[in-house]
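K.L.:
Can you keep this structure in mind? I'll have questions shortly.
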Amino acid sequence: MRTPARNPYDAPPPPVLQRIVPGASVMIASLLTIWPYVASFPLLPPLGLMILLGWRLMRPDAFAIWAALPLGFFDDLVSGQPLGSAMLLWMICFFVIDMIDQRLVFRDFWQNWLIAAGSIGFCLIAGRLIASPLGAHVDTVLLLQAVISIMLFPLVARFCAWLDGKREGA
């Protein structure tokens, strides 16, 4: 019996591409926040953080534990936050998620959404306090930004799953 000819377009992507896609998606998402647009309130979610959390919660093996440092550094450079704030806050989120992974045997989507909601809220509020410690207060705009970000997380997780399918060649 003859085996069917293999289609060259069905070949899996090269391993280098598989390693680059998660980090590149976080960096591109961080760059999207500097897109020039006119807004009366800053309600744009922290897309870099959300993509990072989507990858970390869906595929823990996509990033090493130290990967939040260079990605946070890139986000600090792009966003204009004080240098080191995203590095610190994203690294704290990674450590907390790693501790949760050690404690829980199984996580479902709702637990991932709750973990992401806590991480997003923590990073937004702590980032505001780091950026302007004397005049910072949690106002309605920050809470509205946090709520919008938390509600958009399922779409971000779905996007990360789609990217992972493309990355794996499915």
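Each chain of the structure tokens is named A, B, ... in the order shown, its residues numbered from 1; ligands are numbered from 1 in display order.
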Write out as a PyMOL selection string each polymer residue whose atoms come within 12 Å of segment 112-115 of chain A, counting only C-alpha atoms; drop sequence neighbours fewer than 5 positions from it.
P.N.:
chain A and resi 50+53-60+93-94+96-101+104+106-107+120-122+149-158
K.L.:
Quick one: residues within 10 Å of Ile28 of chain A, only C-alpha atoms counted, chain neighbours fewer than 2 positions away excluded, as a PDB file with C-alpha atoms, in the first residue's frame?
P.N.:
```
ATOM      1  CA  GLY A  23       7.531  36.421  24.042  1.00  0.00           C
ATOM      2  CA  ALA A  24       6.889  38.240  20.770  1.00  0.00           C
ATOM      3  CA  SER A  25       3.140  38.268  21.416  1.00  0.00           C
ATOM      4  CA  VAL A  26       3.695  39.878  24.830  1.00  0.00           C
ATOM      5  CA  SER A  30       2.847  46.012  25.027  1.00  0.00           C
ATOM      6  CA  LEU A  31       3.471  48.033  21.880  1.00  0.00           C
ATOM      7  CA  LEU A  32      -0.265  48.243  21.138  1.00  0.00           C
ATOM      8  CA  THR A  33      -0.786  50.437  24.189  1.00  0.00           C
ATOM      9  CA  LEU A  47      -2.400  44.189  27.103  1.00  0.00           C
ATOM     10  CA  GLY A  48       1.195  43.056  27.621  1.00  0.00           C
ATOM     11  CA  ILE A  51      -1.103  38.280  27.215  1.00  0.00           C
ATOM     12  CA  ASP A  75       6.910  47.183  28.958  1.00  0.00           C
TER      13      ASP A  75
END
```
K.L.:
Looking at only C-alpha atoms, which of A:Cys123, A:Ala131, A:Val78, A:Leu71 is the one that sits closest to Ile92 of chain A?
P.N.:
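Selected residue with least distance to Ile92 of chain A: A:Cys123.
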K.L.:
Please report the interatomic distance between atom CA of Trp162 of chain A and atom CA of Ser79 of chain A in Å with one decimal.
P.N.:
26.1 Å
K.L.:
So which residues of segment 7-121 of chain A fall under helix (DSSP H, G or I) by DSSP, listed as an MDAnalysis selection string?
P.N.:
chainID A and resid 8:10 15:32 47:58 65:79 85:103 109:121
K.L.:
A:Ile130, A:Leu44, A:Ala116, A:Ala146: which is nearest Gln81 of chain A, counting only C-alpha atoms?
P.N.:
A:Ile130
